[in-house]
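Structure below is upload35.txt: compact mmCIF, C-alpha atoms.
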```txt
# COMPACT_ATOMS: atom_id res chain seq x y z
CA MET A 1 21.45 -11.32 0.61
CA ALA A 2 22.85 -13.28 3.53
CA MET A 3 20.57 -14.47 6.31
CA ASN A 4 21.50 -14.01 9.95
CA ASN A 5 19.45 -15.63 12.72
CA ASN A 6 16.50 -15.90 10.33
CA ARG A 7 16.70 -12.18 9.69
CA PRO A 8 16.76 -11.22 6.00
CA SER A 9 19.23 -8.65 4.70
CA PHE A 10 16.90 -6.16 3.10
CA VAL A 11 17.76 -4.50 -0.20
CA TRP A 12 16.13 -1.07 -0.28
CA PRO A 13 15.14 0.17 -3.76
CA GLN A 14 16.82 3.36 -4.93
CA LEU A 15 14.17 3.80 -7.62
CA LEU A 16 11.54 4.51 -4.99
CA GLU A 17 11.57 8.26 -4.37
CA LEU A 18 10.95 8.98 -0.71
CA PRO A 19 9.38 12.10 0.82
CA PRO A 20 11.67 14.70 2.43
CA ASP A 21 13.59 13.12 5.29
CA ASP A 22 11.96 15.40 7.88
CA ILE A 23 8.42 14.16 7.10
CA LEU A 24 6.86 11.53 9.36
CA LEU A 25 4.75 9.11 7.29
CA VAL A 26 1.71 7.69 9.08
CA TYR A 27 -0.60 4.95 7.81
CA LEU A 28 -3.89 3.95 9.47
CA ASP A 29 -6.05 1.01 8.48
CA LEU A 30 -9.75 1.53 7.84
CA ASN A 31 -10.92 0.59 11.35
CA HIS A 32 -8.85 3.38 12.85
CA TRP A 33 -10.04 5.87 10.26
CA ILE A 34 -13.54 4.91 11.37
CA GLY A 35 -12.58 5.82 14.94
CA LEU A 36 -11.31 9.24 13.84
CA ALA A 37 -14.43 9.79 11.73
CA LYS A 38 -16.67 9.04 14.71
CA ALA A 39 -14.68 11.50 16.81
CA SER A 40 -14.91 14.16 14.11
CA ALA A 41 -18.66 13.66 13.70
CA GLY A 42 -19.32 13.85 17.46
CA HIS A 43 -20.54 10.26 17.60
CA PRO A 44 -20.74 8.89 21.18
CA GLN A 45 -18.43 6.02 20.21
CA GLY A 46 -15.85 8.55 19.09
CA ARG A 47 -15.18 10.11 22.49
CA ASP A 48 -12.22 7.82 23.15
CA PHE A 49 -10.60 8.99 19.92
CA LEU A 50 -10.91 12.75 20.35
CA GLY A 51 -7.37 13.03 21.70
CA ALA A 52 -5.97 11.10 18.74
CA LEU A 53 -7.94 13.24 16.29
CA ASP A 54 -6.68 16.47 17.89
CA ALA A 55 -3.09 15.16 17.82
CA CYS A 56 -3.43 14.23 14.15
CA ARG A 57 -4.80 17.66 13.28
CA VAL A 58 -1.98 19.40 15.12
CA ALA A 59 0.68 17.20 13.53
CA ARG A 60 -0.83 17.81 10.08
CA SER A 61 -1.01 21.57 10.58
CA GLN A 62 2.67 21.73 11.56
CA GLY A 63 3.64 20.36 8.16
CA LYS A 64 6.00 17.66 9.42
CA THR A 65 3.58 14.72 9.32
CA ALA A 66 1.93 13.18 6.27
CA PHE A 67 -1.02 10.81 6.67
CA VAL A 68 -1.39 8.48 3.69
CA LEU A 69 -4.08 6.27 2.20
CA SER A 70 -3.66 3.10 0.13
CA GLY A 71 -5.46 1.32 -2.67
CA ALA A 72 -6.80 -1.06 -0.05
CA ILE A 73 -8.52 1.83 1.76
CA TYR A 74 -10.28 2.92 -1.43
CA ALA A 75 -11.35 -0.65 -2.15
CA GLU A 76 -12.66 -1.21 1.38
CA MET A 77 -14.57 2.08 1.29
CA LEU A 78 -16.61 0.80 -1.64
CA LYS A 79 -17.99 -2.01 0.53
CA ILE A 80 -19.50 0.38 3.08
CA LYS A 81 -23.22 0.60 2.29
CA ASP A 82 -24.15 3.54 4.53
CA PRO A 83 -23.69 6.78 2.54
CA ALA A 84 -23.49 8.84 5.76
CA GLN A 85 -20.68 6.68 7.12
CA ARG A 86 -18.78 6.89 3.83
CA LEU A 87 -19.18 10.66 3.79
CA ALA A 88 -17.91 11.05 7.36
CA LEU A 89 -14.91 8.86 6.56
CA ALA A 90 -14.17 10.70 3.32
CA GLN A 91 -14.25 14.04 5.09
CA VAL A 92 -11.73 13.16 7.80
CA MET A 93 -9.52 11.36 5.28
CA GLU A 94 -9.46 14.40 3.03
CA GLU A 95 -8.74 16.71 5.98
CA LEU A 96 -5.75 14.72 7.20
CA THR A 97 -4.32 13.33 3.95
CA ASP A 98 -5.30 15.77 1.21
CA PHE A 99 -5.60 12.55 -0.82
CA ALA A 100 -1.95 11.53 -0.31
CA THR A 101 -1.59 7.87 -1.25
CA LEU A 102 1.07 5.17 -1.07
CA ILE A 103 2.26 3.63 -4.29
CA SER A 104 0.65 0.36 -5.35
CA ARG A 105 2.20 -2.83 -4.07
CA VAL A 106 2.98 -4.04 -7.60
CA ALA A 107 4.87 -0.83 -8.41
CA ALA A 108 6.86 -1.13 -5.17
CA MET A 109 7.60 -4.79 -5.94
CA GLU A 110 8.98 -3.79 -9.33
CA CYS A 111 11.29 -1.23 -7.68
CA GLU A 112 12.46 -3.81 -5.14
CA LEU A 113 12.96 -6.43 -7.85
CA SER A 114 15.02 -3.92 -9.84
CA ALA A 115 17.25 -3.37 -6.80
CA MET A 116 17.85 -7.12 -6.66
CA LEU A 117 18.46 -7.72 -10.37
CA ASP A 118 20.32 -4.62 -11.58
CA PRO A 119 23.58 -5.46 -9.75
CA LEU A 120 23.51 -8.93 -11.33
CA ALA A 121 22.88 -7.53 -14.82
CA LYS A 122 25.50 -4.79 -14.32
CA LEU A 123 23.29 -2.49 -16.37
CA PRO A 124 21.29 0.65 -15.57
CA SER A 125 17.74 -0.15 -14.55
CA PRO A 126 15.22 -0.05 -17.42
CA LEU A 127 12.74 1.48 -14.99
CA SER A 128 12.28 5.12 -14.04
CA LYS A 129 12.05 6.44 -10.51
CA VAL A 130 8.59 6.54 -8.97
CA PRO A 131 7.42 8.41 -5.88
CA LEU A 132 6.47 6.39 -2.81
CA VAL A 133 3.78 8.95 -2.00
CA GLY A 134 1.60 10.51 -4.66
CA ARG A 135 -1.84 12.01 -4.75
CA GLY A 136 -5.08 10.29 -5.51
CA VAL A 137 -6.49 6.86 -6.19
CA ARG A 138 -4.73 6.49 -9.54
CA HIS A 139 -1.33 6.65 -7.85
CA ALA A 140 -2.52 4.04 -5.34
CA TYR A 141 -3.25 1.69 -8.24
CA GLY A 142 -0.03 2.37 -10.14
CA LEU A 143 -1.52 4.70 -12.75
CA SER A 144 -0.54 8.19 -13.84
CA SER A 145 -2.34 10.91 -11.88
CA ARG A 146 -2.13 13.37 -14.77
CA ILE A 147 -5.54 14.65 -15.88
CA VAL A 148 -5.92 14.76 -19.66
CA ILE A 149 -8.44 17.05 -21.34
CA VAL A 150 -9.85 15.27 -24.38
CA GLY A 151 -10.77 17.35 -27.41
CA PRO A 152 -13.82 16.85 -29.69
CA SER A 153 -11.94 14.40 -31.90
CA GLY A 154 -10.48 12.43 -29.01
CA GLU A 155 -7.13 14.21 -29.09
CA ASP A 156 -5.19 15.44 -26.06
CA ALA A 157 -6.27 19.08 -25.74
CA THR A 158 -4.73 19.69 -22.32
CA GLU A 159 -2.06 22.18 -23.31
CA GLU A 160 -4.38 23.93 -25.76
CA LEU A 161 -6.85 24.60 -22.96
CA ARG A 162 -4.02 25.74 -20.68
CA GLU A 163 -2.98 28.36 -23.23
CA GLU A 164 -6.58 29.46 -23.63
CA MET A 165 -7.30 29.78 -19.88
CA GLY A 166 -3.86 30.86 -18.63
CA ASN A 167 -1.70 28.90 -16.22
CA LEU A 168 -3.26 30.10 -12.95
CA ALA A 169 -6.89 29.60 -13.99
CA PHE A 170 -6.08 26.27 -15.64
CA ASP A 171 -4.27 24.91 -12.58
CA ARG A 172 -7.18 25.98 -10.40
CA PHE A 173 -9.59 24.28 -12.79
CA LEU A 174 -7.57 21.03 -12.71
CA GLU A 175 -7.38 21.08 -8.92
CA GLU A 176 -11.15 21.53 -8.65
CA MET A 177 -11.68 18.61 -11.03
CA PHE A 178 -9.22 16.45 -9.12
CA VAL A 179 -10.72 17.16 -5.69
CA LYS A 180 -14.26 16.60 -6.90
CA ALA A 181 -13.30 13.26 -8.44
CA GLU A 182 -11.31 12.11 -5.39
CA ARG A 183 -14.13 13.01 -3.03
CA SER A 184 -16.51 10.97 -5.14
CA MET A 185 -14.05 8.05 -5.25
CA LEU A 186 -13.83 7.93 -1.47
CA ARG A 187 -17.50 8.26 -0.71
CA GLY A 188 -18.63 6.23 -3.73
CA PRO A 189 -20.99 7.40 -6.50
CA ALA A 190 -24.26 8.79 -5.22
CA ASP A 191 -26.24 7.98 -8.40
CA PRO A 192 -25.82 6.46 -11.89
CA ASP A 193 -24.89 9.78 -13.49
CA GLU A 194 -22.07 10.34 -11.00
CA GLU A 195 -20.92 6.75 -11.49
CA GLN A 196 -20.71 7.31 -15.25
CA ALA A 197 -18.66 10.48 -14.73
CA LEU A 198 -16.34 8.66 -12.33
CA ARG A 199 -15.83 5.82 -14.79
CA ALA A 200 -14.59 8.37 -17.30
CA PHE A 201 -11.97 9.31 -14.69
CA GLY A 202 -10.91 5.70 -14.24
CA TYR A 203 -13.42 4.36 -11.69
CA PHE A 204 -13.57 0.59 -12.21
CA PRO A 205 -14.30 -1.17 -8.90
CA GLU A 206 -14.98 -4.52 -10.58
CA GLY A 207 -11.37 -4.84 -11.77
CA PRO A 208 -9.50 -4.62 -8.44
CA ARG A 209 -12.21 -6.63 -6.65
CA GLY A 210 -11.98 -9.44 -9.21
CA ILE A 211 -8.18 -9.61 -9.06
CA THR A 212 -8.18 -9.54 -5.27
CA GLU A 213 -10.78 -12.28 -5.06
CA SER A 214 -8.76 -14.50 -7.41
CA ARG A 215 -5.70 -14.01 -5.21
CA ALA A 216 -7.74 -14.96 -2.13
CA ALA A 217 -8.84 -18.09 -4.00
CA GLN A 218 -5.16 -19.01 -4.48
CA GLU A 219 -4.65 -18.80 -0.72
CA ARG A 220 -7.71 -21.00 -0.22
CA GLU A 221 -6.10 -23.51 -2.58
CA LEU A 222 -2.98 -23.56 -0.39
CA LYS A 223 -5.17 -23.97 2.69
CA ALA A 224 -6.76 -27.06 1.12
CA ILE A 225 -3.32 -28.49 0.37
CA LEU A 226 -2.19 -27.88 3.94
CA ASP A 227 -5.42 -29.37 5.28
CA SER A 228 -4.71 -32.57 3.36
CA ASP A 229 -1.08 -32.70 4.54
CA PRO A 230 -1.01 -30.74 7.83
CA HIS A 231 2.57 -31.62 8.78
CA TRP A 232 3.66 -28.61 6.72
CA ARG A 233 1.91 -26.33 9.21
CA ARG A 234 4.20 -27.70 11.91
CA GLY A 235 7.31 -27.58 9.76
CA ARG A 236 8.80 -25.40 7.05
CA LEU A 237 5.63 -23.52 6.24
CA ARG A 238 7.51 -20.27 5.66
CA ASP A 239 9.50 -21.93 2.86
CA VAL A 240 6.29 -23.08 1.21
CA VAL A 241 4.78 -19.58 1.42
CA SER A 242 8.01 -17.99 0.17
CA ALA A 243 8.12 -20.26 -2.88
CA ARG A 244 4.49 -19.53 -3.70
CA GLU A 245 5.09 -15.81 -3.26
CA LEU A 246 7.72 -15.95 -5.99
CA ASN A 247 5.63 -18.18 -8.26
CA ILE A 248 2.32 -16.36 -7.83
CA GLU A 249 2.86 -12.73 -6.87
CA PHE A 250 5.85 -12.34 -9.23
CA GLN A 251 4.48 -14.49 -12.05
CA ASN A 252 3.94 -11.50 -14.34
CA ILE A 253 6.72 -9.10 -13.40
CA LEU A 254 9.65 -11.48 -12.83
CA PRO A 255 9.85 -13.00 -16.35
CA ARG A 256 9.67 -9.55 -17.90
CA ALA A 257 12.26 -8.14 -15.49
CA LEU A 258 14.67 -11.01 -16.24
CA ARG A 259 14.16 -10.65 -19.99
CA GLU A 260 14.78 -6.89 -19.91
CA ARG A 261 18.12 -7.49 -18.18
CA GLY A 262 19.24 -10.50 -20.19
CA LEU A 263 19.08 -12.76 -17.12
CA SER A 264 17.57 -16.14 -16.43
CA LEU A 265 16.03 -17.49 -13.24
CA ASP A 266 19.12 -19.68 -12.77
CA ASP A 267 21.23 -16.52 -12.56
CA VAL A 268 19.15 -15.40 -9.59
CA VAL A 269 17.99 -18.50 -7.73
CA ARG A 270 20.94 -20.88 -7.45
CA GLY A 271 19.69 -23.34 -4.87
CA PRO A 272 16.99 -23.24 -2.17
CA GLU A 273 18.94 -21.12 0.33
CA LEU A 274 19.74 -18.38 -2.19
CA GLY A 275 16.17 -18.56 -3.45
CA ARG A 276 14.80 -17.92 0.02
CA ALA A 277 17.24 -15.08 0.59
CA PHE A 278 16.34 -13.53 -2.77
CA VAL A 279 12.62 -13.45 -2.05
CA ARG A 280 12.93 -12.29 1.55
CA ALA A 281 15.42 -9.50 0.79
CA MET A 282 12.58 -7.52 -0.79
CA PRO A 283 10.99 -5.64 2.13
CA SER A 284 7.38 -5.64 0.97
CA THR A 285 7.54 -9.35 0.14
CA GLU A 286 8.96 -10.21 3.56
CA VAL A 287 5.98 -8.53 5.24
CA SER A 288 3.59 -10.45 2.99
CA ILE A 289 5.35 -13.75 3.74
CA ALA A 290 5.23 -13.13 7.50
CA LEU A 291 1.48 -12.46 7.47
CA LYS A 292 0.60 -15.31 5.11
CA THR A 293 2.72 -17.80 7.04
CA ALA A 294 1.06 -16.91 10.33
CA TRP A 295 -2.43 -17.08 8.87
CA HIS A 296 -1.81 -20.38 7.07
CA ARG A 297 -0.46 -21.79 10.33
CA ASN A 298 -4.04 -21.45 11.57
CA GLY A 299 -6.00 -24.19 9.83
CA GLU A 300 -9.31 -22.61 10.82
CA ARG A 301 -8.76 -19.35 8.95
CA LEU A 302 -11.08 -18.73 6.02
CA TRP A 303 -9.37 -16.57 3.40
CA THR A 304 -11.28 -13.62 1.93
CA ALA A 305 -10.47 -10.63 -0.27
CA ASN A 306 -10.21 -8.55 2.92
CA ASP A 307 -7.12 -10.55 3.92
CA ILE A 308 -5.46 -9.67 0.61
CA TYR A 309 -6.29 -6.00 1.08
CA ASP A 310 -4.71 -6.09 4.55
CA ILE A 311 -1.58 -7.83 3.28
CA ASP A 312 -1.11 -5.48 0.32
CA ALA A 313 -1.52 -2.37 2.49
CA LEU A 314 0.81 -3.52 5.26
CA ALA A 315 3.37 -4.82 2.75
CA ILE A 316 3.98 -1.21 1.71
CA ALA A 317 3.16 0.65 4.92
CA VAL A 318 5.35 -1.35 7.31
CA PRO A 319 8.63 -1.07 5.35
CA TYR A 320 8.19 2.50 4.12
CA CYS A 321 6.10 4.41 6.65
CA ASP A 322 7.26 5.57 10.08
CA VAL A 323 4.09 4.80 12.03
CA VAL A 324 1.46 2.17 11.18
CA VAL A 325 -1.77 1.71 13.12
CA THR A 326 -3.37 -1.64 12.34
CA GLU A 327 -5.40 -4.33 14.05
CA LYS A 328 -4.11 -6.20 17.07
CA ALA A 329 -3.67 -9.57 15.33
CA CYS A 330 -1.55 -8.09 12.53
CA ARG A 331 0.58 -6.17 15.00
CA HIS A 332 1.21 -9.37 16.96
CA ILE A 333 2.32 -11.27 13.83
CA LEU A 334 4.62 -8.47 12.72
CA ARG A 335 6.18 -8.15 16.17
CA MET A 336 6.72 -11.90 16.45
CA ALA A 337 8.63 -11.67 13.15
CA ASN A 338 10.61 -8.69 14.54
CA LEU A 339 9.72 -6.68 11.45
CA PRO A 340 8.92 -3.39 13.22
CA ASP A 341 12.41 -3.43 14.75
CA HIS A 342 14.13 -4.59 11.56
CA MET A 343 12.32 -1.96 9.50
CA ASN A 344 12.49 0.80 12.12
CA THR A 345 8.72 1.23 12.07
CA ALA A 346 6.37 1.89 14.98
CA VAL A 347 3.44 -0.52 14.60
CA LEU A 348 0.50 0.23 16.89
CA ASP A 349 -2.94 -1.27 17.38
CA LYS A 350 -4.50 1.52 19.46
CA LEU A 351 -5.31 5.06 18.37
CA SER A 352 -4.72 6.14 21.95
CA ASP A 353 -1.00 5.41 21.49
CA LEU A 354 -0.76 7.58 18.39
CA PRO A 355 -0.48 11.07 19.98
CA GLN A 356 2.71 10.22 21.87
CA MET A 357 4.18 8.61 18.76
CA LEU A 358 3.39 11.69 16.67
CA SER A 359 5.23 13.91 19.12
CA GLU A 360 8.26 11.67 19.71
CA ARG A 361 8.87 9.55 16.60
CA LYS A 362 11.59 10.60 14.16
CA PRO A 363 11.33 9.95 10.41
CA LYS A 364 13.39 7.06 9.07
CA GLN A 365 13.86 8.04 5.39
CA CYS A 366 17.63 8.25 5.82
CA PHE A 367 17.57 4.70 7.20
CA LEU A 368 15.90 3.48 4.02
CA GLN A 369 18.67 4.88 1.86
CA ILE A 370 21.43 2.89 3.60
```
Represent the structure from my file as structure tokens, please.
Amino acid sequence: MAMNNNRPSFVWPQLLELPPDDILLVYLDLNHWIGLAKASAGHPQGRDFLGALDACRVARSQGKTAFVLSGAIYAEMLKIKDPAQRLALAQVMEELTDFATLISRVAAMECELSAMLDPLAKLPSPLSKVPLVGRGVRHAYGLSSRIVIVGPSGEDATEELREEMGNLAFDRFLEEMFVKAERSMLRGPADPDEEQALRAFGYFPEGPRGITESRAAQERELKAILDSDPHWRRGRLRDVVSARELNIEFQNILPRALRERGLSLDDVVRGPELGRAFVRAMPSTEVSIALKTAWHRNGERLWTANDIYDIDALAIAVPYCDVVVTEKACRHILRMANLPDHMNTAVLDKLSDLPQMLSERKPKQCFLQI
């Protein structure tokens, strides 16, 4: 966990199952999906993105590129009021991703934390392996994607129905149910009846929105503290953000992880320097710290839930994807922190740069296993 020229020594989690090492993982934020959707729908504002859309379709058809969504994308889709816009977005997302989603940030943090603590405990990890990329919104929120058929008495009747229908027909039935539900999740419920059906599948937009808003409120609290004592913005702001990252973002998972391994916080954080190295060695946390530090440096920034969505998505996409297309300001912050180079990730802010990257970029999965 040594630091060299302010560069953290990342500890890559072995519990996080990566896609095949010949698959290029590509993540786009919502604004760039909107550009592709406009191109697909023939909108005049989409002309500039036709080349990127064609390149994405070719790359997808060749089977060596996987486009992935995140929980943040699903959450941001719910805020779009225009049903036609949501539908156009959902269609191009389904075409290019087939509902492939990145694991939730919390699940990735637990894998990274395990990689930090298990060598200290000298015990096998109490956690099981989890896939980085799964399918559907439930995977994006850290839930099992398995569909359970409930019988008349509330029992699990999944296997009983499989025997009754036969494997082929049952699998086709499950896939139809899954696709229908995922389409509805992306475009949002069209009416109360559809909303009720989606809630039975796990649709609960109030939960993630409430949690995200409370986390944004915590950043507003830090902003108020920095406003009252602004010398921190000119000094060791990163240390302040790093300490809060450990205290706030890990407040639920760290005590449990220590307890499961028979460790105490003193076993892990022995002094400020080791504490900083511990936090920053976890790749997703280092991305979060870089973004939060830069945004708190700006005393005029007003923190919203959208900022938390952006941080959570990039905290997973930048370390674990091969190509990330995000907004210009985020790309600038990440490049100033040298994270694209350190994590071997191409971070773009223009869809027009994506076609060349799709044709030239090599996957980095082997790099993550070092």
- Query: Between atom CA of A:Ile211 and atom CA of A:Arg335, what is the spacing in Å?
  - Reply: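 Going from atom CA of A:Arg335 over to atom CA of A:Ile211, I get 29.1 Å.
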- Please, which residues are within 8 Å of (7.8, -13.7, -2.1) by the file's coordinates, counting only C-alpha atoms, and could they come as number ranges by chain? A: 241-247, 249-250, 279-280, 282, 285-286, 288-289
- Give me, please, the distance in Å between atom CA of A:Asp29 and atom CA of A:Cys330, quoted to one decimal. 10.9 Å
Hey, could you make a per-residue contact list for stretch 154-243 of chain A against stretch 79-96 of chain A with 10 Å as the cut-off, showing the nearest pair of atoms and its distance in Å to one decimal, counting all atoms listed in the file, sorted by chain and number, as a tab-separated table?
```
residue	atom	partner	partner_atom	distance
A:Val179	CA	A:Glu94	CA	9.2
A:Glu182	CA	A:Glu94	CA	8.9
A:Arg183	CA	A:Ala90	CA	6.8
A:Ser184	CA	A:Ala90	CA	8.8
A:Met185	CA	A:Ala90	CA	9.0
A:Leu186	CA	A:Ala90	CA	5.5
A:Arg187	CA	A:Arg86	CA	4.9
A:Gly188	CA	A:Arg86	CA	7.6
A:Pro189	CA	A:Pro83	CA	9.5
A:Ala190	CA	A:Pro83	CA	8.0
```
Output as lines of an AutoDock Vina configuration file the centre and edge lengths (Å, one decimal) of the box along x, y and z of the file that holds every listed atom of stretch 20-37 of chain A after adding 6 Å on each side.
```
center_x = -0.4
center_y = 8.0
center_z = 8.7
size_x = 40.0
size_y = 26.8
size_z = 24.5
```
- Message: When you count all atoms listed in the file, which of these residues is closest to A:Glu360: A:Val324, A:Ala59, A:Ala329, A:Leu15?
- Response: A:Ala59
- Query: Can you list, as a ChimeraX atom specification, every protein, DNA or RNA residue that comes within 12 Å of A:Asp322 when you count all atoms listed in the file, leaving out same-chain residues fewer than 2 positions away?
  - Reply: /A:18-19,21-28,65-68,316-320,324-325,340-341,343-348,354,357-358,360-368
- Message: Please determine, counting all atoms listed in the file, which residue among A:Ala337, A:Met77, A:Cys56, A:His296 has the shortest atom-to-atom distance to A:Ile34.
- Response: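 Of the candidates, the smallest distance to A:Ile34 is held by A:Met77.
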- Query: Quick one: distance from atom CA of A:Ala107 to atom CA of A:Tyr74 in Å, one decimal?
  - Reply: 17.1 Å
- Please determine the residues with any atom at most 8 Å from (-3.7, 12.9, -2.4) (coordinates as given in the file, with only C-alpha atoms counting) and report them as JSON, numbers by chain. {"A": [68, 97, 98, 99, 100, 101, 134, 135, 136, 137]}
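Nearest to A:Leu113 of all the residues A:Ile333, A:Leu314, A:Met177, A:Leu16 is A:Leu16, based on all atoms listed in the file.
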- Message: Could you check the closest approach to A:Ala290 for each of A:Asp48, A:Glu155, A:Glu112, A:Asp239 and tell me which residue wins, using all atoms listed in the file?
- Response: A:Asp239
- Between A:Leu291, A:Ala216, A:Val269, A:Ile73, single out the one closest to A:Leu102, counting only C-alpha atoms.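 When distances to A:Leu102 are compared using only C-alpha atoms, the smallest one comes from A:Ile73.
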- May I have the residues within 12 Å of A:Arg259 as a PyMOL selection string, using only C-alpha atoms and disregarding those fewer than 5 positions away in the same chain? chain A and resi 117+121+126+252-254+264-265+267
May I have the selected residues written with C-alpha atoms, as a tab-separated table (two decimals), in the coordinates of the input?
```
chain	number	residue	atom	x	y	z
A	117	LEU	CA	18.46	-7.72	-10.37
A	121	ALA	CA	22.88	-7.53	-14.82
A	126	PRO	CA	15.22	-0.05	-17.42
A	252	ASN	CA	3.94	-11.50	-14.34
A	253	ILE	CA	6.72	-9.10	-13.40
A	254	LEU	CA	9.65	-11.48	-12.83
A	264	SER	CA	17.57	-16.14	-16.43
A	265	LEU	CA	16.03	-17.49	-13.24
A	267	ASP	CA	21.23	-16.52	-12.56
```
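Among the candidate residues A:Ala55, A:Ala294, A:Leu123, A:Met109, the one lying nearest to A:Arg331 is A:Ala294, with distances computed using all atoms listed in the file.
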With a cut-off of 9 Å, could you pull out the residues of stretch 203-242 of chain A touching stretch 300-308 of chain A and give me the nearest pair of atoms for each, distance in Å to one decimal, using all atoms listed in the file, ordered by chain and ascending number, as a Markdown table?
```
| residue | atom | partner | partner_atom | distance |
| --- | --- | --- | --- | --- |
| A:Arg209 | CA | A:Ala305 | CA | 7.7 |
| A:Thr212 | CA | A:Ala305 | CA | 5.6 |
| A:Glu213 | CA | A:Ala305 | CA | 5.1 |
| A:Ser214 | CA | A:Ala305 | CA | 8.3 |
| A:Arg215 | CA | A:Ile308 | CA | 7.3 |
| A:Ala216 | CA | A:Ala305 | CA | 5.4 |
| A:Ala217 | CA | A:Trp303 | CA | 7.6 |
| A:Glu219 | CA | A:Trp303 | CA | 6.7 |
| A:Arg220 | CA | A:Trp303 | CA | 6.0 |
| A:Lys223 | CA | A:Trp303 | CA | 8.5 |
```
